[in-house]
Amino acid sequence: MPEKFDVIVVGAGPAGIACAYELAKAGVNVLLIERGEYPGSKNVMGGVLYRKMMEEIVPDFYKEAPVERPIVEQRFMMMDRNSAVTFSYKGMEWAAEPYNNFTVLRAKFDQWFASKAVEQGALLLNETVVLECIVENGQVVGVRTDRPDGELRADVVVLADGVNSLLAKSLGFHKEFRPDEVALATMEVLKLDKKLIEDRFNLEAGQGCTIELFGDATKGILGTGFLYTNKDTLSIGVGTLLSGLIKHKIKPYELMEYVKGHPMIRPYLQGAEPQEYLAHLIPEGGYHSMPKVVSAGVLVVGDAAQLVNAIHREGSNMAMTSGRLAAETIVAAKEKGDYSESALDGYRKKLMASFVGQDLKKYKDATHHFDKFPQYFEQYIPMVNRAASQMLTVDGTSKREKQKKIWRDLGPAKEKLKMARDLYRAWRVMK
């Protein structure tokens with residue numbers, strides 16, 4: 001192994017692999033370092049991969065990649081303790097190539113994606129921990145690892161080491177993230193016959209469905225649950241702000257068991273056998289929590305840059321796009337032989353001009369707003385369920401009387417005004 005590389009990428013998740021792939025494809029000498037036994041061994045996400053951003057890197061990837069199922073339906077459950085108001089979109093245009101998105105299992109997919117980067121010429125180094133960045137004269141010039149003689153030099157280091165990026169923190173790019181800036185997600189993979197999956201989710205052979213769970217799935221804490229269909233497994237999980245778990249004194253595994261036992265979810269899981277259990281921190285701070293992403297000789301991508309759209313549950317697509325844009329910037333800098341902060345700042349400008357920056361900016365206040373006003377999850381979702389139950393229960397009461405009762409149940413005029421104000425505020429932070 002040479003001591004000097006053009007680029008060292010730390011972390012073989014979607015962002016890091018995308019960056020290494022694009023760099024190697026452009027003829028750049030790049031080293032990709034992964035602390036796990038293999039790429040994907042320590043990576044967790046809900047399990048949805050969006051085609052468009054991945055295909056910008058590897059065209060027609062889905063024809064050979066280990067994807068699980070193309071998603072034809074996305075459902076949303078607004079849950080109370082014993083009920084759910086459900087809405088969805090199912091489109092057959094998603095059932096045909098080139099598809100919209102897929103469920104994936106990260107342990108399989110990341111290994112495949114990393115192998116494509118290696119095919120392009122990237123060097124992959126597993127089971128290696130990067131301890132710190134080497135800084136000389138104010139510029140990052142390499143990394144120190146936990147291997148003997150583990151000092152490696154490079155013109156540029158790309159930090160793709162996840163939400164709690166100790167390397168970015170050590171460089172002063174961010175402080176310790178607060179509990180209300182990160183979510184703790186737990187996920188289980190459950191084995192189930194593929195025909196049973198298709199019958200229970202009303203799917204044709206090979207098709208997939210995702211269900212996002214709101215309200216009682218998180219016991220009113222800001223967050224969501226999810227249930228995704230794979231080929232012959234189900235991925236079920238729940239993620240909430242760390243601050244909410246601390247405040248309500250709820251353990252993550254307790255919340256997971258609660259979701260699995262919920263009467264709206266339990267029938268989907270009947271007979272399924274546990275295969276794998278995972279837990280992971282997810283950046284939820286968004287736009288306001290983004291650290292510095294560029295300095296002399298270093299760029300920050302993916303979760304390490306807080307690139308997650310918590311409202312739409314998007315992360316891997318943003319990560320891959322950030323890795324691609326970082327690679328484009330490095331290639332341009334290499335042509336000029338200039339790796340100063342000003343030369344690399346094109347990455348930040350491209351990132352913020354892309355859908356990544358635009359979406360983060362659009363929802364910049366949303367997470368904080370819904371965390372500050374918990375009534376959206378604790379009161380309003382159960383209220384919607386009660387209203388639906390009353391209107392759809394046929395008991396001899398006229399619909400006009402039912403509507404009057406629902407209106408009365410909303411409370412006095414003061415409460416109704418407060419609700420209207422809350423709905424307006426929600427619209428303002430989401431528009």
# chains A, B, ... in the order shown; residues from 1 in each chain; ligands from 1

$ closest_atom_pairs --of "range 62-130 of chain A" --to "range 200-221 of chain A" --cutoff "10 Å" --atoms "only C-alpha atoms" --output "JSON lines"
{"residue": "A:Glu68", "atom": "CA", "partner": "A:Gly208", "partner_atom": "CA", "distance": 8.3}
{"residue": "A:Arg69", "atom": "CA", "partner": "A:Gly208", "partner_atom": "CA", "distance": 5.0}
{"residue": "A:Pro70", "atom": "CA", "partner": "A:Gly208", "partner_atom": "CA", "distance": 5.5}
{"residue": "A:Ile71", "atom": "CA", "partner": "A:Gly208", "partner_atom": "CA", "distance": 4.3}
{"residue": "A:Val72", "atom": "CA", "partner": "A:Gly208", "partner_atom": "CA", "distance": 5.9}
{"residue": "A:Glu73", "atom": "CA", "partner": "A:Cys209", "partner_atom": "CA", "distance": 4.9}
{"residue": "A:Gln74", "atom": "CA", "partner": "A:Thr210", "partner_atom": "CA", "distance": 5.0}
{"residue": "A:Arg75", "atom": "CA", "partner": "A:Ile211", "partner_atom": "CA", "distance": 4.6}
{"residue": "A:Phe76", "atom": "CA", "partner": "A:Glu212", "partner_atom": "CA", "distance": 4.9}
{"residue": "A:Met77", "atom": "CA", "partner": "A:Leu213", "partner_atom": "CA", "distance": 5.0}
{"residue": "A:Met78", "atom": "CA", "partner": "A:Phe214", "partner_atom": "CA", "distance": 5.0}
{"residue": "A:Met79", "atom": "CA", "partner": "A:Gly215", "partner_atom": "CA", "distance": 5.1}
{"residue": "A:Asp80", "atom": "CA", "partner": "A:Asp216", "partner_atom": "CA", "distance": 5.1}
{"residue": "A:Arg81", "atom": "CA", "partner": "A:Asp216", "partner_atom": "CA", "distance": 6.0}
{"residue": "A:Asn82", "atom": "CA", "partner": "A:Asp216", "partner_atom": "CA", "distance": 9.1}
{"residue": "A:Ser83", "atom": "CA", "partner": "A:Asp216", "partner_atom": "CA", "distance": 9.4}
{"residue": "A:Ala84", "atom": "CA", "partner": "A:Asp216", "partner_atom": "CA", "distance": 9.2}
{"residue": "A:Thr86", "atom": "CA", "partner": "A:Leu213", "partner_atom": "CA", "distance": 9.4}
{"residue": "A:Phe87", "atom": "CA", "partner": "A:Ile211", "partner_atom": "CA", "distance": 9.8}
{"residue": "A:Ser88", "atom": "CA", "partner": "A:Ile211", "partner_atom": "CA", "distance": 8.7}
{"residue": "A:Lys90", "atom": "CA", "partner": "A:Cys209", "partner_atom": "CA", "distance": 8.8}
{"residue": "A:Trp94", "atom": "CA", "partner": "A:Gln207", "partner_atom": "CA", "distance": 9.4}
{"residue": "A:Ala95", "atom": "CA", "partner": "A:Gln207", "partner_atom": "CA", "distance": 7.0}
{"residue": "A:Asn101", "atom": "CA", "partner": "A:Gly208", "partner_atom": "CA", "distance": 9.6}
{"residue": "A:Phe102", "atom": "CA", "partner": "A:Gly208", "partner_atom": "CA", "distance": 7.7}
{"residue": "A:Thr103", "atom": "CA", "partner": "A:Gly208", "partner_atom": "CA", "distance": 7.5}

$ residues_around --residues "Ser295 in chain A" --least-positions-apart "5" --cutoff "12 Å" --atoms "only C-alpha atoms" --output "ChimeraX atom specification"
/A:135,138-141,156-159,168,171-173,300,339-348

$ write_last_selection --atoms "N, CA, C and O atoms" --output "compact mmCIF listing (two decimals), in the first residue's frame"
# COMPACT_ATOMS: atom_id res chain seq x y z
N VAL A 135 -3.10 17.22 10.53
CA VAL A 135 -3.22 18.62 10.11
C VAL A 135 -1.84 19.27 10.16
O VAL A 135 -1.16 19.21 11.19
N GLY A 138 -2.48 24.19 9.04
CA GLY A 138 -3.89 24.50 8.86
C GLY A 138 -4.59 23.70 7.79
O GLY A 138 -5.75 23.98 7.46
N GLN A 139 -3.93 22.69 7.22
CA GLN A 139 -4.53 21.89 6.15
C GLN A 139 -4.47 20.41 6.51
O GLN A 139 -3.47 19.91 7.02
N VAL A 140 -5.58 19.69 6.26
CA VAL A 140 -5.61 18.25 6.47
C VAL A 140 -4.80 17.58 5.37
O VAL A 140 -5.04 17.81 4.17
N VAL A 141 -3.85 16.73 5.78
CA VAL A 141 -2.94 16.11 4.80
C VAL A 141 -2.92 14.59 4.93
O VAL A 141 -2.10 13.92 4.30
N VAL A 156 -6.50 15.12 -0.21
CA VAL A 156 -7.82 15.44 0.34
C VAL A 156 -8.31 14.26 1.16
O VAL A 156 -8.15 13.10 0.77
N VAL A 157 -8.94 14.54 2.30
CA VAL A 157 -9.61 13.53 3.11
C VAL A 157 -11.10 13.84 3.10
O VAL A 157 -11.51 14.98 3.33
N VAL A 158 -11.92 12.82 2.80
CA VAL A 158 -13.38 12.97 2.81
C VAL A 158 -13.92 12.25 4.03
O VAL A 158 -13.69 11.04 4.21
N LEU A 159 -14.63 12.97 4.88
CA LEU A 159 -15.19 12.40 6.09
C LEU A 159 -16.61 11.92 5.83
O LEU A 159 -17.52 12.73 5.62
N ALA A 168 -14.78 15.06 12.36
CA ALA A 168 -15.25 16.42 12.10
C ALA A 168 -15.28 17.23 13.40
O ALA A 168 -14.93 18.41 13.43
N LEU A 171 -11.86 18.40 14.41
CA LEU A 171 -11.40 19.52 13.58
C LEU A 171 -12.12 20.82 13.93
O LEU A 171 -11.83 21.87 13.34
N GLY A 172 -13.07 20.75 14.86
CA GLY A 172 -13.80 21.95 15.27
C GLY A 172 -14.95 22.30 14.36
O GLY A 172 -15.48 23.42 14.41
N PHE A 173 -15.40 21.34 13.52
CA PHE A 173 -16.49 21.62 12.58
C PHE A 173 -17.85 21.65 13.28
O PHE A 173 -18.80 22.27 12.80
N VAL A 300 -16.81 17.08 4.12
CA VAL A 300 -17.68 16.26 4.97
C VAL A 300 -18.95 15.92 4.17
O VAL A 300 -19.58 16.81 3.58
N TYR A 339 -5.85 22.53 -3.29
CA TYR A 339 -6.76 21.87 -2.34
C TYR A 339 -7.06 22.78 -1.15
O TYR A 339 -7.36 22.32 -0.06
N SER A 340 -6.97 24.07 -1.38
CA SER A 340 -7.29 25.04 -0.34
C SER A 340 -8.79 25.04 -0.08
O SER A 340 -9.58 24.49 -0.85
N GLU A 341 -9.19 25.70 1.00
CA GLU A 341 -10.62 25.78 1.32
C GLU A 341 -11.40 26.47 0.22
O GLU A 341 -12.49 26.04 -0.15
N SER A 342 -10.84 27.52 -0.34
CA SER A 342 -11.55 28.24 -1.41
C SER A 342 -11.70 27.37 -2.65
O SER A 342 -12.73 27.42 -3.33
N ALA A 343 -10.70 26.55 -2.94
CA ALA A 343 -10.77 25.68 -4.11
C ALA A 343 -11.80 24.57 -3.93
O ALA A 343 -12.44 24.14 -4.90
N LEU A 344 -11.95 24.10 -2.69
CA LEU A 344 -12.89 23.01 -2.42
C LEU A 344 -14.29 23.49 -2.07
O LEU A 344 -15.22 22.69 -1.94
N ASP A 345 -14.45 24.80 -1.90
CA ASP A 345 -15.75 25.33 -1.47
C ASP A 345 -16.83 25.16 -2.53
O ASP A 345 -18.02 25.33 -2.23
N GLY A 346 -16.43 24.81 -3.74
CA GLY A 346 -17.42 24.52 -4.77
C GLY A 346 -18.35 23.40 -4.36
O GLY A 346 -19.52 23.35 -4.77
N TYR A 347 -17.84 22.48 -3.53
CA TYR A 347 -18.68 21.38 -3.02
C TYR A 347 -19.84 21.92 -2.21
O TYR A 347 -21.00 21.54 -2.43
N ARG A 348 -19.56 22.82 -1.29
CA ARG A 348 -20.62 23.39 -0.46
C ARG A 348 -21.65 24.12 -1.32
O ARG A 348 -22.87 23.98 -1.10

$ residues_around --residues "Thr367 in chain A" --least-positions-apart "5" --cutoff "8 Å" --atoms "only C-alpha atoms" --output "PDB file with C-alpha atoms, in the first residue's frame"
ATOM      1  CA  GLU A 284     -32.321  14.925  12.695  1.00  0.00           C
ATOM      2  CA  GLY A 285     -31.112  18.482  13.255  1.00  0.00           C
ATOM      3  CA  ALA A 310     -36.526  13.961   8.612  1.00  0.00           C
ATOM      4  CA  ILE A 311     -39.935  14.962   7.249  1.00  0.00           C
TER       5      ILE A 311
END

$ atom_distance --atom1 "CA of Gly223 in chain A" --atom2 "CA of Tyr277 in chain A"
19.1 Å

$ residues_around --residues "Val28 in chain A" --least-positions-apart "2" --cutoff "10 Å" --atoms "only C-alpha atoms" --output "ChimeraX atom specification"
/A:5-7,20-26,30-31,120-122,327,330-331,334

$ select_by_dssp --residues "range 92-227 of chain A" --states "helix (DSSP H, G or I)" --output "MDAnalysis selection string"
chainID A and resid 92:95 106:120 166:170 194:200 216:218

$ select_by_dssp --residues "range 29-160 of chain A" --states "strand (DSSP E)" --output "PyMOL selection string"
chain A and resi 30-33+48-50+67-79+84-90+101-104+123-125+130-136+139-145+151-159

$ closest_residue --among "A:Asp365, A:Glu254, A:Asp395, A:Phe61" --to "Val429 in chain A" --atoms "only C-alpha atoms"
A:Asp365

$ residues_around --residues "Asp232 in chain A" --least-positions-apart "5" --cutoff "7 Å" --atoms "only C-alpha atoms" --output "list in words"
Lys191, Leu192, Asp193 and Lys194 of chain A

$ residues_around --residues "Ala114 in chain A" --least-positions-apart "5" --cutoff "9 Å" --atoms "only C-alpha atoms" --output "PyMOL selection string"
chain A and resi 12-14+17-18+20-21+32+39+109+119+122+124

$ write_last_selection --atoms "C-alpha atoms" --output "CSV table (one decimal), in the first residue's frame"
chain,number,residue,atom,x,y,z
A,12,ALA,CA,-17.9,3.0,3.4
A,13,GLY,CA,-21.6,4.0,3.7
A,14,PRO,CA,-23.6,5.3,0.7
A,17,ILE,CA,-18.8,4.7,-1.5
A,18,ALA,CA,-20.4,7.1,-4.0
A,20,ALA,CA,-14.9,6.7,-3.9
A,21,TYR,CA,-16.6,5.3,-7.0
A,32,LEU,CA,-11.8,3.8,1.0
A,39,PRO,CA,-19.1,-2.3,4.1
A,109,PHE,CA,-26.2,-3.7,-0.8
A,119,GLU,CA,-13.9,-2.4,-9.9
A,122,ALA,CA,-10.6,2.3,-5.5
A,124,LEU,CA,-10.9,-0.8,0.0

$ residues_around --residues "Tyr62 in chain A" --least-positions-apart "2" --cutoff "12 Å" --atoms "only C-alpha atoms" --output "tab-separated table (two decimals) with all heavy atoms, in the first residue's frame"
chain	number	residue	atom	x	y	z
A	49	LEU	N	-34.19	2.64	-0.84
A	49	LEU	CA	-33.18	3.24	-1.71
A	49	LEU	C	-33.87	3.85	-2.92
A	49	LEU	O	-34.64	3.17	-3.61
A	49	LEU	CB	-32.17	2.17	-2.17
A	49	LEU	CG	-31.06	2.66	-3.09
A	49	LEU	CD1	-29.98	3.35	-2.26
A	49	LEU	CD2	-30.46	1.51	-3.88
A	50	TYR	N	-33.59	5.13	-3.19
A	50	TYR	CA	-34.22	5.83	-4.31
A	50	TYR	C	-33.36	5.68	-5.57
A	50	TYR	O	-32.16	5.93	-5.55
A	50	TYR	CB	-34.44	7.30	-3.96
A	50	TYR	CG	-35.44	7.46	-2.84
A	50	TYR	CD1	-35.01	7.49	-1.52
A	50	TYR	CD2	-36.80	7.51	-3.11
A	50	TYR	CE1	-35.93	7.60	-0.48
A	50	TYR	CE2	-37.72	7.62	-2.08
A	50	TYR	CZ	-37.28	7.66	-0.76
A	50	TYR	OH	-38.18	7.75	0.26
A	51	ARG	N	-34.03	5.29	-6.66
A	51	ARG	CA	-33.33	4.95	-7.90
A	51	ARG	C	-32.57	6.11	-8.51
A	51	ARG	O	-31.41	5.97	-8.90
A	51	ARG	CB	-34.33	4.41	-8.93
A	51	ARG	CG	-33.70	4.20	-10.33
A	51	ARG	CD	-34.75	4.03	-11.38
A	51	ARG	NE	-35.66	5.14	-11.46
A	51	ARG	CZ	-35.42	6.27	-12.12
A	51	ARG	NH1	-34.26	6.45	-12.74
A	51	ARG	NH2	-36.32	7.24	-12.14
A	52	LYS	N	-33.21	7.27	-8.62
A	52	LYS	CA	-32.65	8.37	-9.42
A	52	LYS	C	-31.23	8.74	-8.98
A	52	LYS	O	-30.33	8.89	-9.80
A	52	LYS	CB	-33.56	9.59	-9.31
A	52	LYS	CG	-33.10	10.82	-10.07
A	52	LYS	CD	-33.11	10.59	-11.58
A	52	LYS	CE	-32.99	11.90	-12.35
A	52	LYS	NZ	-31.72	12.60	-12.10
A	54	MET	N	-29.07	7.02	-7.14
A	54	MET	CA	-28.13	5.91	-7.30
A	54	MET	C	-27.78	5.71	-8.77
A	54	MET	O	-26.62	5.45	-9.13
A	54	MET	CB	-28.75	4.62	-6.73
A	54	MET	CG	-27.86	3.40	-6.84
A	54	MET	SD	-26.37	3.55	-5.82
A	54	MET	CE	-25.35	2.29	-6.57
A	55	GLU	N	-28.75	5.89	-9.66
A	55	GLU	CA	-28.52	5.67	-11.08
A	55	GLU	C	-27.63	6.75	-11.69
A	55	GLU	O	-26.99	6.54	-12.72
A	55	GLU	CB	-29.86	5.60	-11.83
A	55	GLU	CG	-29.74	4.93	-13.19
A	55	GLU	CD	-31.08	4.54	-13.75
A	55	GLU	OE1	-32.00	5.38	-13.74
A	55	GLU	OE2	-31.20	3.41	-14.22
A	57	ILE	N	-25.00	7.55	-10.45
A	57	ILE	CA	-23.66	7.04	-10.18
A	57	ILE	C	-23.41	5.74	-10.94
A	57	ILE	O	-22.43	5.61	-11.67
A	57	ILE	CB	-23.48	6.83	-8.66
A	57	ILE	CG1	-23.66	8.16	-7.93
A	57	ILE	CG2	-22.09	6.24	-8.35
A	57	ILE	CD1	-23.85	8.02	-6.45
A	58	VAL	N	-24.32	4.77	-10.80
A	58	VAL	CA	-24.20	3.48	-11.50
A	58	VAL	C	-25.46	3.28	-12.34
A	58	VAL	O	-26.49	2.85	-11.82
A	58	VAL	CB	-24.03	2.31	-10.52
A	58	VAL	CG1	-23.81	1.00	-11.28
A	58	VAL	CG2	-22.88	2.55	-9.55
A	59	PRO	N	-25.41	3.58	-13.64
A	59	PRO	CA	-26.59	3.41	-14.49
A	59	PRO	C	-27.10	1.97	-14.48
A	59	PRO	O	-26.32	1.02	-14.47
A	59	PRO	CB	-26.07	3.82	-15.89
A	59	PRO	CG	-24.91	4.72	-15.61
A	59	PRO	CD	-24.27	4.17	-14.36
A	60	ASP	N	-28.43	1.82	-14.47
A	60	ASP	CA	-29.08	0.49	-14.49
A	60	ASP	C	-28.61	-0.41	-13.36
A	60	ASP	O	-28.59	-1.64	-13.49
A	60	ASP	CB	-28.83	-0.20	-15.83
A	60	ASP	CG	-29.46	0.54	-17.01
A	60	ASP	OD1	-30.47	1.24	-16.80
A	60	ASP	OD2	-28.92	0.44	-18.12
A	64	GLU	N	-28.46	-5.55	-11.52
A	64	GLU	CA	-27.50	-6.47	-10.92
A	64	GLU	C	-27.34	-6.31	-9.41
A	64	GLU	O	-26.83	-7.21	-8.75
A	64	GLU	CB	-26.13	-6.32	-11.57
A	64	GLU	CG	-25.51	-4.93	-11.43
A	64	GLU	CD	-24.06	-4.91	-11.88
A	64	GLU	OE1	-23.24	-5.63	-11.29
A	64	GLU	OE2	-23.76	-4.17	-12.85
A	65	ALA	N	-27.75	-5.21	-8.87
A	65	ALA	CA	-27.58	-4.96	-7.43
A	65	ALA	C	-28.53	-5.83	-6.62
A	65	ALA	O	-29.61	-6.21	-7.09
A	65	ALA	CB	-27.84	-3.49	-7.12
A	66	PRO	N	-28.16	-6.15	-5.37
A	66	PRO	CA	-29.02	-6.98	-4.50
A	66	PRO	C	-30.14	-6.17	-3.86
A	66	PRO	O	-30.20	-6.02	-2.64
A	66	PRO	CB	-28.03	-7.51	-3.46
A	66	PRO	CG	-27.00	-6.44	-3.34
A	66	PRO	CD	-26.85	-5.86	-4.73
A	67	VAL	N	-31.02	-5.63	-4.72
A	67	VAL	CA	-32.20	-4.94	-4.19
A	67	VAL	C	-33.24	-5.98	-3.80
A	67	VAL	O	-33.22	-7.11	-4.29
A	67	VAL	CB	-32.78	-3.93	-5.20
A	67	VAL	CG1	-31.77	-2.83	-5.49
A	67	VAL	CG2	-33.18	-4.62	-6.50
A	68	GLU	N	-34.16	-5.62	-2.89
A	68	GLU	CA	-35.15	-6.56	-2.42
A	68	GLU	C	-36.42	-6.52	-3.29
A	68	GLU	O	-36.68	-7.42	-4.05
A	68	GLU	CB	-35.47	-6.27	-0.95
A	68	GLU	CG	-34.29	-6.51	-0.02
A	68	GLU	CD	-33.87	-7.98	0.03
A	68	GLU	OE1	-34.74	-8.85	0.26
A	68	GLU	OE2	-32.67	-8.26	-0.16
A	69	ARG	N	-37.18	-5.44	-3.17
A	69	ARG	CA	-38.42	-5.31	-3.95
A	69	ARG	C	-38.60	-3.87	-4.43
A	69	ARG	O	-38.36	-2.94	-3.66
A	69	ARG	CB	-39.65	-5.68	-3.10
A	69	ARG	CG	-39.79	-7.15	-2.74
A	69	ARG	CD	-40.95	-7.36	-1.78
A	69	ARG	NE	-41.10	-8.75	-1.39
A	69	ARG	CZ	-41.95	-9.61	-1.96
A	69	ARG	NH1	-42.74	-9.19	-2.94
A	69	ARG	NH2	-42.03	-10.86	-1.55
A	70	PRO	N	-39.05	-3.68	-5.68
A	70	PRO	CA	-39.45	-2.32	-6.09
A	70	PRO	C	-40.76	-1.96	-5.40
A	70	PRO	O	-41.69	-2.76	-5.33
A	70	PRO	CB	-39.62	-2.46	-7.61
A	70	PRO	CG	-39.93	-3.91	-7.83
A	70	PRO	CD	-39.19	-4.66	-6.77
A	96	ALA	N	-42.88	-0.84	-13.01
A	96	ALA	CA	-42.14	-1.09	-14.26
A	96	ALA	C	-40.82	-0.32	-14.24
A	96	ALA	O	-40.69	0.70	-13.55
A	96	ALA	CB	-42.99	-0.66	-15.46
A	97	GLU	N	-39.86	-0.81	-14.98
A	97	GLU	CA	-38.57	-0.11	-15.08
A	97	GLU	C	-38.80	1.31	-15.60
A	97	GLU	O	-39.69	1.52	-16.43
A	97	GLU	CB	-37.64	-0.88	-16.03
A	97	GLU	CG	-37.19	-2.22	-15.47
A	97	GLU	CD	-36.14	-2.89	-16.36
A	97	GLU	OE1	-35.50	-2.19	-17.19
A	97	GLU	OE2	-35.96	-4.10	-16.23
A	98	PRO	N	-38.04	2.28	-15.09
A	98	PRO	CA	-36.87	2.12	-14.22
A	98	PRO	C	-37.18	2.13	-12.73
A	98	PRO	O	-36.27	2.21	-11.92
A	98	PRO	CB	-36.02	3.33	-14.60
A	98	PRO	CG	-37.02	4.40	-14.91
A	98	PRO	CD	-38.19	3.69	-15.55
A	99	TYR	N	-38.46	2.06	-12.34
A	99	TYR	CA	-38.89	2.03	-10.94
A	99	TYR	C	-38.64	3.39	-10.25
A	99	TYR	O	-38.00	4.27	-10.79
A	99	TYR	CB	-38.19	0.92	-10.16
A	99	TYR	CG	-38.32	-0.44	-10.80
A	99	TYR	CD1	-37.22	-1.06	-11.40
A	99	TYR	CD2	-39.54	-1.11	-10.82
A	99	TYR	CE1	-37.34	-2.31	-11.99
A	99	TYR	CE2	-39.66	-2.37	-11.43
A	99	TYR	CZ	-38.56	-2.95	-12.01
A	99	TYR	OH	-38.67	-4.18	-12.61
A	100	ASN	N	-39.18	3.50	-9.04
A	100	ASN	CA	-39.01	4.72	-8.25
A	100	ASN	C	-38.04	4.48	-7.10
A	100	ASN	O	-37.08	5.22	-6.91
A	100	ASN	CB	-40.36	5.18	-7.69
A	100	ASN	CG	-40.24	6.39	-6.78
A	100	ASN	OD1	-39.58	7.37	-7.12
A	100	ASN	ND2	-40.85	6.32	-5.60
A	101	ASN	N	-38.29	3.43	-6.34
A	101	ASN	CA	-37.40	3.11	-5.23
A	101	ASN	C	-37.51	1.62	-4.89
A	101	ASN	O	-38.39	0.91	-5.39
A	101	ASN	CB	-37.69	3.97	-3.99
A	101	ASN	CG	-39.12	3.86	-3.52
A	101	ASN	OD1	-39.96	3.22	-4.13
A	101	ASN	ND2	-39.44	4.49	-2.41
A	102	PHE	N	-36.62	1.17	-4.04
A	102	PHE	CA	-36.53	-0.23	-3.68
A	102	PHE	C	-36.30	-0.37	-2.18
A	102	PHE	O	-35.72	0.52	-1.55
A	102	PHE	CB	-35.33	-0.91	-4.38
A	102	PHE	CG	-35.27	-0.72	-5.86
A	102	PHE	CD1	-34.69	0.41	-6.40
A	102	PHE	CD2	-35.79	-1.68	-6.73
A	102	PHE	CE1	-34.61	0.59	-7.77
A	102	PHE	CE2	-35.72	-1.51	-8.10
A	102	PHE	CZ	-35.13	-0.38	-8.63
A	103	THR	N	-36.72	-1.49	-1.63
A	103	THR	CA	-36.22	-1.85	-0.31
A	103	THR	C	-34.87	-2.55	-0.50
A	103	THR	O	-34.66	-3.27	-1.48
A	103	THR	CB	-37.19	-2.78	0.45
A	103	THR	OG1	-37.59	-3.85	-0.41
A	103	THR	CG2	-38.39	-2.01	0.93
A	104	VAL	N	-33.97	-2.33	0.45
A	104	VAL	CA	-32.66	-2.98	0.41
A	104	VAL	C	-32.28	-3.37	1.84
A	104	VAL	O	-32.80	-2.83	2.81
A	104	VAL	CB	-31.56	-2.07	-0.17
A	104	VAL	CG1	-31.84	-1.72	-1.61
A	104	VAL	CG2	-31.38	-0.82	0.67
A	109	PHE	N	-26.38	-4.70	0.23
A	109	PHE	CA	-26.25	-3.66	-0.80
A	109	PHE	C	-24.93	-2.93	-0.71
A	109	PHE	O	-24.27	-2.68	-1.74
A	109	PHE	CB	-27.41	-2.67	-0.70
A	109	PHE	CG	-27.40	-1.66	-1.82
A	109	PHE	CD1	-27.97	-1.96	-3.04
A	109	PHE	CD2	-26.79	-0.43	-1.66
A	109	PHE	CE1	-27.93	-1.05	-4.09
A	109	PHE	CE2	-26.75	0.50	-2.69
A	109	PHE	CZ	-27.32	0.18	-3.91
A	112	TRP	N	-22.06	-4.82	-2.21
A	112	TRP	CA	-22.09	-4.79	-3.67
A	112	TRP	C	-21.63	-3.42	-4.19
A	112	TRP	O	-20.80	-3.34	-5.11
A	112	TRP	CB	-23.51	-5.07	-4.17
A	112	TRP	CG	-23.65	-4.88	-5.65
A	112	TRP	CD1	-23.37	-5.78	-6.62
A	112	TRP	CD2	-24.07	-3.67	-6.32
A	112	TRP	NE1	-23.59	-5.22	-7.87
A	112	TRP	CE2	-24.01	-3.93	-7.70
A	112	TRP	CE3	-24.47	-2.42	-5.88
A	112	TRP	CZ2	-24.36	-2.98	-8.65
A	112	TRP	CZ3	-24.82	-1.46	-6.82
A	112	TRP	CH2	-24.76	-1.74	-8.19
A	113	PHE	N	-22.14	-2.35	-3.61
A	113	PHE	CA	-21.79	-1.01	-4.05
A	113	PHE	C	-20.29	-0.76	-3.90
A	113	PHE	O	-19.63	-0.21	-4.81
A	113	PHE	CB	-22.60	0.01	-3.25
A	113	PHE	CG	-22.57	1.43	-3.79
A	113	PHE	CD1	-22.08	1.73	-5.06
A	113	PHE	CD2	-23.05	2.48	-3.01
A	113	PHE	CE1	-22.07	3.04	-5.54
A	113	PHE	CE2	-23.04	3.78	-3.47
A	113	PHE	CZ	-22.55	4.06	-4.74

$ closest_residue --among "A:Asp155, A:Asp338, A:Glu188, A:Glu3" --to "Glu136 in chain A" --atoms "only C-alpha atoms"
A:Asp155
